[in-house]
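Undergrad: Sharing run.cif below, mmCIF, C-alpha atoms and all ligand atoms:
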data_query
#
loop_
_atom_site.group_PDB
_atom_site.id
_atom_site.type_symbol
_atom_site.label_atom_id
_atom_site.label_comp_id
_atom_site.auth_asym_id
_atom_site.auth_seq_id
_atom_site.Cartn_x
_atom_site.Cartn_y
_atom_site.Cartn_z
ATOM 1 C CA MET E 236 -18.307 -18.997 22.842
ATOM 2 C CA SER E 237 -17.104 -16.855 19.974
ATOM 3 C CA GLY E 238 -13.541 -16.998 18.705
ATOM 4 C CA THR E 239 -11.305 -14.237 17.396
ATOM 5 C CA VAL E 240 -10.343 -12.788 14.043
ATOM 6 C CA TYR E 241 -6.973 -11.065 13.911
ATOM 7 C CA VAL E 242 -6.435 -8.958 10.796
ATOM 8 C CA VAL E 243 -2.698 -8.629 10.558
ATOM 9 C CA GLY E 244 -0.306 -6.588 8.430
ATOM 10 C CA VAL E 245 2.995 -8.321 7.691
ATOM 11 C CA GLY E 246 4.799 -5.259 6.340
ATOM 12 C CA PRO E 247 6.257 -4.640 2.911
ATOM 13 C CA GLY E 248 8.305 -7.821 2.680
ATOM 14 C CA HIS E 249 11.379 -7.813 4.903
ATOM 15 C CA PRO E 250 11.045 -10.261 7.824
ATOM 16 C CA ASP E 251 12.451 -7.652 10.242
ATOM 17 C CA GLN E 252 9.549 -5.359 9.364
ATOM 18 C CA ILE E 253 6.862 -7.615 10.843
ATOM 19 C CA THR E 254 5.945 -6.304 14.288
ATOM 20 C CA PRO E 255 6.113 -8.482 17.430
ATOM 21 C CA GLU E 256 2.356 -7.895 17.854
ATOM 22 C CA ALA E 257 1.719 -9.320 14.361
ATOM 23 C CA LEU E 258 3.959 -12.337 15.062
ATOM 24 C CA ALA E 259 2.083 -13.032 18.313
ATOM 25 C CA ALA E 260 -1.289 -12.913 16.523
ATOM 26 C CA ILE E 261 0.011 -15.199 13.773
ATOM 27 C CA GLY E 262 1.332 -17.616 16.392
ATOM 28 C CA ALA E 263 -2.027 -17.699 18.210
ATOM 29 C CA ALA E 264 -4.081 -18.636 15.129
ATOM 30 C CA THR E 265 -5.165 -22.146 14.158
ATOM 31 C CA ALA E 266 -5.760 -20.997 10.568
ATOM 32 C CA LEU E 267 -4.162 -18.269 8.437
ATOM 33 C CA LEU E 268 -6.171 -16.889 5.547
ATOM 34 C CA GLY E 269 -4.834 -14.654 2.800
ATOM 35 C CA TYR E 270 -3.386 -14.157 -0.639
ATOM 36 C CA GLY E 271 -0.832 -16.939 -1.300
ATOM 37 C CA PRO E 272 2.281 -14.724 -1.703
ATOM 38 C CA TYR E 273 1.594 -13.056 1.672
ATOM 39 C CA LEU E 274 1.126 -16.435 3.396
ATOM 40 C CA ASP E 275 4.362 -17.647 1.757
ATOM 41 C CA ARG E 276 6.258 -15.125 3.881
ATOM 42 C CA LEU E 277 5.206 -16.887 7.102
ATOM 43 C CA VAL E 278 6.588 -19.962 8.798
ATOM 44 C CA LEU E 279 3.597 -21.913 10.087
ATOM 45 C CA GLY E 280 3.605 -24.372 12.954
ATOM 46 C CA PRO E 281 2.504 -28.010 12.544
ATOM 47 C CA GLY E 282 -1.057 -27.396 13.815
ATOM 48 C CA GLN E 283 -1.667 -24.313 11.658
ATOM 49 C CA GLU E 284 -3.820 -24.447 8.526
ATOM 50 C CA ARG E 285 -2.903 -22.366 5.449
ATOM 51 C CA VAL E 286 -5.985 -21.102 3.568
ATOM 52 C CA ALA E 287 -4.827 -19.283 0.420
ATOM 53 C CA SER E 288 -7.211 -17.513 -1.955
ATOM 54 C CA ASP E 289 -7.047 -15.109 -4.866
ATOM 55 C CA ASN E 290 -6.602 -11.402 -4.142
ATOM 56 C CA ARG E 291 -9.953 -10.640 -5.806
ATOM 57 C CA GLU E 292 -11.879 -12.700 -3.242
ATOM 58 C CA GLU E 293 -11.545 -10.362 -0.273
ATOM 59 C CA LEU E 294 -15.154 -10.421 0.947
ATOM 60 C CA ASP E 295 -15.400 -14.229 0.657
ATOM 61 C CA ARG E 296 -12.147 -14.549 2.610
ATOM 62 C CA ALA E 297 -13.452 -12.136 5.253
ATOM 63 C CA ARG E 298 -16.682 -14.157 5.628
ATOM 64 C CA GLU E 299 -14.800 -17.429 5.894
ATOM 65 C CA ALA E 300 -12.606 -15.990 8.658
ATOM 66 C CA LEU E 301 -15.648 -14.639 10.503
ATOM 67 C CA ASP E 302 -17.565 -17.940 10.108
ATOM 68 C CA ARG E 303 -14.634 -19.839 11.591
ATOM 69 C CA ALA E 304 -14.367 -17.375 14.483
ATOM 70 C CA ALA E 305 -18.134 -17.500 15.087
ATOM 71 C CA ALA E 306 -17.685 -21.279 15.470
ATOM 72 C CA GLY E 307 -15.003 -20.726 18.139
ATOM 73 C CA GLU E 308 -11.722 -20.707 16.167
ATOM 74 C CA THR E 309 -8.925 -18.138 16.479
ATOM 75 C CA VAL E 310 -7.959 -17.195 12.941
ATOM 76 C CA CYS E 311 -5.667 -14.695 11.310
ATOM 77 C CA VAL E 312 -6.357 -12.809 8.085
ATOM 78 C CA VAL E 313 -3.059 -11.733 6.575
ATOM 79 C CA SER E 314 -2.405 -8.604 4.490
ATOM 80 C CA GLY E 315 0.822 -7.167 3.101
ATOM 81 C CA GLY E 316 1.907 -3.826 4.561
ATOM 82 C CA ASP E 317 -0.790 -2.435 6.831
ATOM 83 C CA PRO E 318 -4.164 -4.245 6.814
ATOM 84 C CA GLY E 319 -6.099 -0.975 6.852
ATOM 85 C CA VAL E 320 -4.439 0.459 3.710
ATOM 86 C CA PHE E 321 -6.129 -0.935 0.576
ATOM 87 C CA ALA E 322 -6.306 -4.313 2.293
ATOM 88 C CA MET E 323 -8.311 -6.806 4.327
ATOM 89 C CA ALA E 324 -9.359 -4.830 7.422
ATOM 90 C CA ALA E 325 -12.026 -2.911 5.485
ATOM 91 C CA ALA E 326 -13.379 -6.144 3.951
ATOM 92 C CA VAL E 327 -13.701 -7.757 7.394
ATOM 93 C CA CYS E 328 -15.417 -4.632 8.809
ATOM 94 C CA GLU E 329 -17.773 -4.571 5.814
ATOM 95 C CA ALA E 330 -18.712 -8.234 6.310
ATOM 96 C CA ILE E 331 -19.493 -7.507 9.987
ATOM 97 C CA ASP E 332 -21.473 -4.412 9.002
ATOM 98 C CA THR E 333 -23.607 -6.293 6.442
ATOM 99 C CA ASP E 334 -24.214 -9.361 8.629
ATOM 100 C CA GLY E 335 -24.279 -8.023 12.182
ATOM 101 C CA GLU E 336 -26.550 -10.788 13.495
ATOM 102 C CA ARG E 337 -24.149 -13.498 12.409
ATOM 103 C CA TYR E 338 -20.861 -11.823 13.241
ATOM 104 C CA GLY E 339 -21.760 -9.309 15.954
ATOM 105 C CA ALA E 340 -20.220 -11.374 18.788
ATOM 106 C CA VAL E 341 -16.915 -12.188 17.071
ATOM 107 C CA ASN E 342 -13.812 -10.634 18.665
ATOM 108 C CA LEU E 343 -11.958 -8.509 16.145
ATOM 109 C CA THR E 344 -8.396 -7.246 16.516
ATOM 110 C CA VAL E 345 -6.727 -5.313 13.696
ATOM 111 C CA VAL E 346 -2.937 -5.392 14.045
ATOM 112 C CA PRO E 347 -1.184 -2.562 12.176
ATOM 113 C CA GLY E 348 1.799 -3.078 9.912
ATOM 114 C CA ILE E 349 4.406 -0.995 8.089
ATOM 115 C CA SER E 350 2.758 0.225 4.915
ATOM 116 C CA ALA E 351 4.646 0.219 1.596
ATOM 117 C CA MET E 352 4.729 4.023 1.310
ATOM 118 C CA LEU E 353 6.561 4.258 4.652
ATOM 119 C CA ALA E 354 9.169 1.695 3.594
ATOM 120 C CA VAL E 355 9.689 3.423 0.222
ATOM 121 C CA ALA E 356 9.891 6.869 1.833
ATOM 122 C CA ALA E 357 12.417 5.618 4.401
ATOM 123 C CA ARG E 358 14.670 4.241 1.640
ATOM 124 C CA VAL E 359 15.241 7.716 0.155
ATOM 125 C CA GLY E 360 14.915 9.963 3.210
ATOM 126 C CA ALA E 361 11.650 11.760 4.012
ATOM 127 C CA PRO E 362 9.592 12.635 0.905
ATOM 128 C CA LEU E 363 6.414 12.377 3.036
ATOM 129 C CA GLY E 364 7.812 14.732 5.685
ATOM 130 C CA HIS E 365 5.039 17.289 5.163
ATOM 131 C CA ASP E 366 1.320 16.863 4.299
ATOM 132 C CA PHE E 367 0.612 14.049 1.880
ATOM 133 C CA CYS E 368 -2.203 12.141 0.293
ATOM 134 C CA VAL E 369 -2.450 8.387 -0.372
ATOM 135 C CA MET E 370 -4.309 6.978 -3.355
ATOM 136 C CA SER E 371 -4.778 3.694 -5.141
ATOM 137 C CA LEU E 372 -4.594 4.096 -8.909
ATOM 138 C CA SER E 373 -6.716 0.985 -9.433
ATOM 139 C CA ASN E 374 -9.993 1.702 -11.167
ATOM 140 C CA ASN E 375 -11.352 -1.768 -10.343
ATOM 141 C CA LEU E 376 -13.260 -0.425 -7.337
ATOM 142 C CA LYS E 377 -13.885 3.222 -8.351
ATOM 143 C CA PRO E 378 -14.342 5.069 -11.653
ATOM 144 C CA TRP E 379 -11.247 6.497 -13.360
ATOM 145 C CA THR E 380 -12.784 10.000 -13.346
ATOM 146 C CA VAL E 381 -12.929 9.910 -9.533
ATOM 147 C CA ILE E 382 -9.223 9.048 -9.497
ATOM 148 C CA THR E 383 -8.203 11.823 -11.880
ATOM 149 C CA ASP E 384 -10.329 14.416 -10.042
ATOM 150 C CA ARG E 385 -8.747 13.432 -6.714
ATOM 151 C CA LEU E 386 -5.211 13.373 -8.133
ATOM 152 C CA ARG E 387 -5.503 16.858 -9.548
ATOM 153 C CA ALA E 388 -7.182 18.245 -6.422
ATOM 154 C CA ALA E 389 -4.418 16.790 -4.214
ATOM 155 C CA ALA E 390 -1.594 18.005 -6.453
ATOM 156 C CA ARG E 391 -3.079 21.497 -6.753
ATOM 157 C CA ALA E 392 -3.542 21.667 -2.971
ATOM 158 C CA GLY E 393 0.190 20.989 -2.514
ATOM 159 C CA PHE E 394 0.027 17.457 -1.116
ATOM 160 C CA ALA E 395 2.784 14.974 -1.897
ATOM 161 C CA LEU E 396 1.229 11.805 -3.322
ATOM 162 C CA ALA E 397 1.829 8.147 -2.481
ATOM 163 C CA LEU E 398 0.341 6.011 -5.249
ATOM 164 C CA TYR E 399 -0.471 2.343 -4.668
ATOM 165 C CA ASN E 400 -1.495 -0.203 -7.325
ATOM 166 C CA PRO E 401 0.016 2.025 -10.039
ATOM 167 C CA ILE E 402 -0.018 -0.468 -12.912
ATOM 168 C CA SER E 403 -0.708 -4.106 -13.739
ATOM 169 C CA ARG E 404 -1.128 -6.295 -16.800
ATOM 170 C CA ALA E 405 -4.890 -5.665 -16.690
ATOM 171 C CA ARG E 406 -4.397 -1.884 -16.047
ATOM 172 C CA PRO E 407 -1.472 -0.899 -18.272
ATOM 173 C CA TRP E 408 -2.318 2.755 -19.098
ATOM 174 C CA GLN E 409 -3.489 4.333 -15.841
ATOM 175 C CA LEU E 410 -0.081 5.373 -14.452
ATOM 176 C CA GLY E 411 0.956 6.949 -17.771
ATOM 177 C CA GLU E 412 -2.236 8.965 -17.886
ATOM 178 C CA ALA E 413 -1.876 9.992 -14.234
ATOM 179 C CA LEU E 414 1.716 11.187 -14.822
ATOM 180 C CA ASP E 415 0.632 13.108 -17.923
ATOM 181 C CA LEU E 416 -2.091 14.985 -16.109
ATOM 182 C CA LEU E 417 0.086 15.705 -13.065
ATOM 183 C CA ARG E 418 2.859 17.079 -15.314
ATOM 184 C CA GLY E 419 0.347 19.747 -16.337
ATOM 185 C CA ASP E 420 -0.229 20.822 -12.733
ATOM 186 C CA LEU E 421 3.258 20.371 -11.241
ATOM 187 C CA GLY E 422 6.598 21.748 -12.413
ATOM 188 C CA GLY E 423 8.617 19.330 -14.591
ATOM 189 C CA GLU E 424 11.396 19.200 -11.955
ATOM 190 C CA THR E 425 9.045 17.764 -9.300
ATOM 191 C CA VAL E 426 10.727 14.713 -7.738
ATOM 192 C CA VAL E 427 9.253 11.235 -8.300
ATOM 193 C CA VAL E 428 10.362 8.084 -6.434
ATOM 194 C CA PHE E 429 9.639 4.624 -7.827
ATOM 195 C CA GLY E 430 10.034 2.128 -4.956
ATOM 196 C CA ARG E 431 9.703 -1.450 -6.136
ATOM 197 C CA ALA E 432 9.518 -4.518 -3.844
ATOM 198 C CA VAL E 433 11.145 -2.544 -1.045
ATOM 199 C CA GLY E 434 12.497 -4.816 1.671
ATOM 200 C CA ARG E 435 12.600 -7.856 -0.623
ATOM 201 C CA PRO E 436 15.612 -9.330 -2.427
ATOM 202 C CA ASP E 437 14.438 -7.891 -5.782
ATOM 203 C CA GLU E 438 14.058 -4.328 -4.414
ATOM 204 C CA ARG E 439 14.702 -1.458 -6.839
ATOM 205 C CA VAL E 440 14.393 2.238 -6.006
ATOM 206 C CA ARG E 441 14.737 4.952 -8.628
ATOM 207 C CA ILE E 442 14.491 8.719 -8.347
ATOM 208 C CA SER E 443 13.467 10.862 -11.287
ATOM 209 C CA THR E 444 11.818 14.145 -12.191
ATOM 210 C CA ILE E 445 8.183 14.068 -13.219
ATOM 211 C CA ALA E 446 9.254 15.309 -16.656
ATOM 212 C CA ALA E 447 11.400 12.188 -17.093
ATOM 213 C CA ALA E 448 9.174 9.724 -15.187
ATOM 214 C CA ARG E 449 8.058 6.784 -17.332
ATOM 215 C CA PRO E 450 5.296 4.339 -16.364
ATOM 216 C CA GLU E 451 7.500 1.392 -17.467
ATOM 217 C CA ARG E 452 9.550 1.994 -14.306
ATOM 218 C CA ALA E 453 6.653 0.666 -12.224
ATOM 219 C CA ASP E 454 4.966 -2.681 -11.879
ATOM 220 C CA MET E 455 2.368 -4.007 -9.477
ATOM 221 C CA ALA E 456 4.983 -4.282 -6.687
ATOM 222 C CA THR E 457 5.812 -0.563 -6.934
ATOM 223 C CA CYS E 458 4.692 2.363 -4.806
ATOM 224 C CA VAL E 459 5.206 5.714 -6.544
ATOM 225 C CA ILE E 460 5.805 8.847 -4.480
ATOM 226 C CA ILE E 461 5.357 12.209 -6.182
ATOM 227 C CA GLY E 462 6.777 15.179 -4.325
ATOM 228 C CA THR E 463 5.597 18.779 -4.125
ATOM 229 C CA ALA E 464 7.161 22.043 -5.241
ATOM 230 C CA GLN E 465 8.993 21.981 -1.877
ATOM 231 C CA THR E 466 10.410 18.453 -2.174
ATOM 232 C CA ARG E 467 14.187 18.393 -2.630
ATOM 233 C CA ARG E 468 16.614 15.859 -4.082
ATOM 234 C CA VAL E 469 20.034 16.236 -2.486
ATOM 235 C CA ALA E 470 23.178 14.801 -4.102
ATOM 236 C CA ARG E 471 25.851 13.635 -1.641
ATOM 237 C CA ASP E 472 29.500 12.730 -1.866
ATOM 238 C CA GLY E 473 29.809 8.957 -2.349
ATOM 239 C CA GLN E 474 26.410 8.354 -0.778
ATOM 240 C CA PRO E 475 23.008 7.816 -2.400
ATOM 241 C CA ASP E 476 20.929 10.919 -3.076
ATOM 242 C CA ILE E 477 18.305 11.765 -0.489
ATOM 243 C CA VAL E 478 14.810 13.109 -1.114
ATOM 244 C CA TYR E 479 12.895 15.045 1.508
ATOM 245 C CA THR E 480 9.982 17.417 1.927
ATOM 246 C CA PRO E 481 10.803 20.032 4.589
ATOM 247 C CA ARG E 482 8.693 20.188 7.728
ATOM 248 C CA PHE E 483 8.269 23.978 7.310
ATOM 249 C CA HIS E 484 6.157 25.226 4.432
ATOM 250 C CA ARG E 485 7.583 28.190 2.524
ATOM 251 C CA GLU E 486 5.448 30.121 0.060
ATOM 252 C CA PRO E 487 7.085 30.012 -3.400
ATOM 253 C CA SER E 488 8.844 33.345 -4.081
HETATM 254 C C1 LIG L 1 -3.296 -4.107 -2.514
HETATM 255 S S1 LIG L 1 -2.095 -2.888 -2.119
HETATM 256 C C2 LIG L 1 -1.706 -3.360 -0.483
HETATM 257 C C3 LIG L 1 -1.016 -2.272 0.301
HETATM 258 C C4 LIG L 1 -0.599 -2.727 1.686
HETATM 259 N N1 LIG L 1 -1.734 -2.999 2.515
HETATM 260 C C5 LIG L 1 0.313 -1.710 2.367
HETATM 261 O O1 LIG L 1 -0.092 -1.105 3.378
HETATM 262 O O2 LIG L 1 1.445 -1.533 1.902
HETATM 263 C C6 LIG L 1 -0.694 -3.486 -3.048
HETATM 264 C C7 LIG L 1 0.209 -2.343 -3.475
HETATM 265 O O3 LIG L 1 1.062 -1.985 -2.397
HETATM 266 C C8 LIG L 1 2.303 -1.525 -2.895
HETATM 267 N N2 LIG L 1 3.371 -2.375 -2.322
HETATM 268 C C9 LIG L 1 3.197 -3.477 -1.565
HETATM 269 N N3 LIG L 1 4.394 -3.949 -1.140
HETATM 270 C C10 LIG L 1 5.327 -3.116 -1.641
HETATM 271 C C11 LIG L 1 6.767 -3.063 -1.527
HETATM 272 N N4 LIG L 1 7.439 -3.972 -0.820
HETATM 273 N N5 LIG L 1 7.427 -2.064 -2.159
HETATM 274 C C12 LIG L 1 6.737 -1.126 -2.859
HETATM 275 N N6 LIG L 1 5.369 -1.124 -2.979
HETATM 276 C C13 LIG L 1 4.689 -2.110 -2.393
HETATM 277 C C14 LIG L 1 2.225 -1.614 -4.428
HETATM 278 O O4 LIG L 1 1.754 -0.355 -4.890
HETATM 279 C C15 LIG L 1 1.144 -2.663 -4.618
HETATM 280 O O5 LIG L 1 0.524 -2.527 -5.893
#
Show this structure as structure tokens.
Ligand SMILES: C[S@@+](CC[C@H](N)C(=O)[O-])C[C@H]1O[C@@H](n2cnc3c(N)ncnc32)[C@H](O)[C@@H]1O

TA:
Amino acid sequence: MSGTVYVVGVGPGHPDQITPEALAAIGAATALLGYGPYLDRLVLGPGQERVASDNREELDRAREALDRAAAGETVCVVSGGDPGVFAMAAAVCEAIDTDGERYGAVNLTVVPGISAMLAVAARVGAPLGHDFCVMSLSNNLKPWTVITDRLRAAARAGFALALYNPISRARPWQLGEALDLLRGDLGGETVVVFGRAVGRPDERVRISTIAAARPERADMATCVIIGTAQTRRVARDGQPDIVYTPRFHREPS
């Protein structure tokens, strides 16, 4: 009899932001597979195996989970945030798609999680309150020209942008180039939010204009939200500023 693969999102980092459904799936698994730092957030029971692998080995990890489940185990593949947003759920689906004979009978349950953009947006108010677009700035899995074309199309169409994977040691220039090209399409006063490690002890959230936004404010634990012409930053008395995009669209006068 076939076992089960749970693909679980453990949220952006704060233990209170893991859902009860995710905790139940984690508790039911005999083995937990994932990137080491995500597994480090979990407290495993005595009978539970920890199978850590590098973040660049997603398809191998997916196949290992499916092989174990095909042999009758209940296993859990762990992602940060939501598992369907630039994470493991697509890799597991792809492995099933490419090897249907082997994995066709495996039970698959994808358990959603709180994605980083939602945690960052909540910290400052509601910058994603109207239509928005989500992109990864990593050109490891798609050409840079595809990214720049999509960025400009989204900005020109009036979408707010939530940018994942904005910068890393191996990809140091992409965020700077993205900000430069967006400055050309958006007004310089457009609001930008840099949300770093939100929900973790080393959280840092900064609000800026796109004219003043610098790529050095981001690292690989940062999600960058770029507002629209309608997005507002509101100063308050003795309270942190809020940023929101109104629910009602008004044509610029
Ligand atoms: C491989 S993607 C995984 C996204 C994840 N599945 C999600 O839904 O949040 C990793 C990127 O998520 C963003 N990220 C993850 N955790 C974050 C946090 N706590 N605060 C801000 N951004 C975060 C960063 O942009 C990071 O480079």

Undergrad: Edge lengths and centre in Å to one decimal, as JSON, is what I'm after for the box along x, y and z that holds all listed atoms of region 459-463 of chain E once 8 Å is added on each side.

TA:
{"center_x": 6.0, "center_y": 12.2, "center_z": -5.3, "size_x": 17.6, "size_y": 29.1, "size_z": 18.4}

Undergrad: Given a cut-off of 7 Å, what residues near ligand LIG 1 (chain L) show up using all atoms listed in the file, put as a PyMOL selection string?

TA: chain E and resi 246-248+314-322+349-352+355+398-401+430-435+455-458

Undergrad: Check which residues satisfy the PyMOL selection byres (((chain E and resi 264-267) around 6) and not hetatm) in the file shown, then give them as a compact mmCIF listing (two decimals) with C-alpha atoms, keeping the file's coordinate frame.

TA:
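That gives us selection_23.txt:
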# COMPACT_ATOMS: atom_id res chain seq x y z
CA ILE E 261 0.01 -15.20 13.77
CA GLY E 262 1.33 -17.62 16.39
CA ALA E 263 -2.03 -17.70 18.21
CA LEU E 268 -6.17 -16.89 5.55
CA GLN E 283 -1.67 -24.31 11.66
CA GLU E 284 -3.82 -24.45 8.53
CA ARG E 285 -2.90 -22.37 5.45
CA VAL E 286 -5.98 -21.10 3.57
CA THR E 309 -8.93 -18.14 16.48
CA VAL E 310 -7.96 -17.20 12.94
CA CYS E 311 -5.67 -14.70 11.31
CA VAL E 312 -6.36 -12.81 8.09

Undergrad: In Å to one decimal, how far is CA of Leu279 (chain E) from CA of Val245 (chain E)?

TA: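 According to the coordinates, CA of Val245 (chain E) and CA of Leu279 (chain E) are separated by 13.8 Å.
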
Undergrad: Can you tell me, as a ChimeraX atom specification, what residues are no more than 9 Å from Ala257 (chain E) when counting all atoms listed in the file, ignoring any on the same chain fewer than 3 positions away?

TA: /E:241-245,253-254,260-262,346-348

Undergrad: For Tyr273 (chain E), which residue out of E:Ala287, E:Ala397, E:Val327, E:Ala259 is the nearest one, using only C-alpha atoms?

TA: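 Using only C-alpha atoms, Tyr273 (chain E) sits closest to E:Ala287.
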
Undergrad: Restricting the calculation to only C-alpha atoms: of E:Arg387, E:Arg452, E:Lys377, E:His484, which residue gets closest to Thr466 (chain E)?

TA: E:His484

Undergrad: Tell me, counting all atoms listed in the file, for each residue of region 338-389 of chain E within 8 Å of region 402-423 of chain E, which pair of atoms is nearest and how far apart they are in Å to one decimal, in rows ordered by chain and increasing number, as a tab-separated table.

TA:
residue	atom	partner	partner_atom	distance
E:Leu372	CA	E:Gln409	CA	7.0
E:Ser373	CA	E:Arg406	CA	7.6
E:Thr383	CA	E:Ala413	CA	7.0
E:Leu386	CA	E:Leu417	CA	7.6
E:Arg387	CA	E:Leu417	CA	6.7

Undergrad: Give the answer as one residue: which of E:Arg337, E:Arg391, E:His365, E:Arg385 has the shortest atom-to-atom distance to Ala304 (chain E), using only C-alpha atoms?

TA: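 Distance minimum relative to Ala304 (chain E) lands on E:Arg337.
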
Undergrad: On this file, the PyMOL selection byres (((chain E and resi 294-302) around 7) and not hetatm) gives some set of residues; write that set as a list in words.

TA: Val240, Glu292, Glu293, Arg303, Ala304, Ala305, Ala306, Val310, Ala326, Val327, Ala330 and Tyr338 of chain E

Undergrad: Using C-alpha atoms, can you write the selected residues to a file as a PDB file, keeping the file's coordinate frame?

TA:
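Printed below is result_24.pdb as written:
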ATOM      1  CA  VAL E 240     -10.343 -12.788  14.043  1.00  0.00           C
ATOM      2  CA  GLU E 292     -11.879 -12.700  -3.242  1.00  0.00           C
ATOM      3  CA  GLU E 293     -11.545 -10.362  -0.273  1.00  0.00           C
ATOM      4  CA  ARG E 303     -14.634 -19.839  11.591  1.00  0.00           C
ATOM      5  CA  ALA E 304     -14.367 -17.375  14.483  1.00  0.00           C
ATOM      6  CA  ALA E 305     -18.134 -17.500  15.087  1.00  0.00           C
ATOM      7  CA  ALA E 306     -17.685 -21.279  15.470  1.00  0.00           C
ATOM      8  CA  VAL E 310      -7.959 -17.195  12.941  1.00  0.00           C
ATOM      9  CA  ALA E 326     -13.379  -6.144   3.951  1.00  0.00           C
ATOM     10  CA  VAL E 327     -13.701  -7.757   7.394  1.00  0.00           C
ATOM     11  CA  ALA E 330     -18.712  -8.234   6.310  1.00  0.00           C
ATOM     12  CA  TYR E 338     -20.861 -11.823  13.241  1.00  0.00           C
TER      13      TYR E 338
END
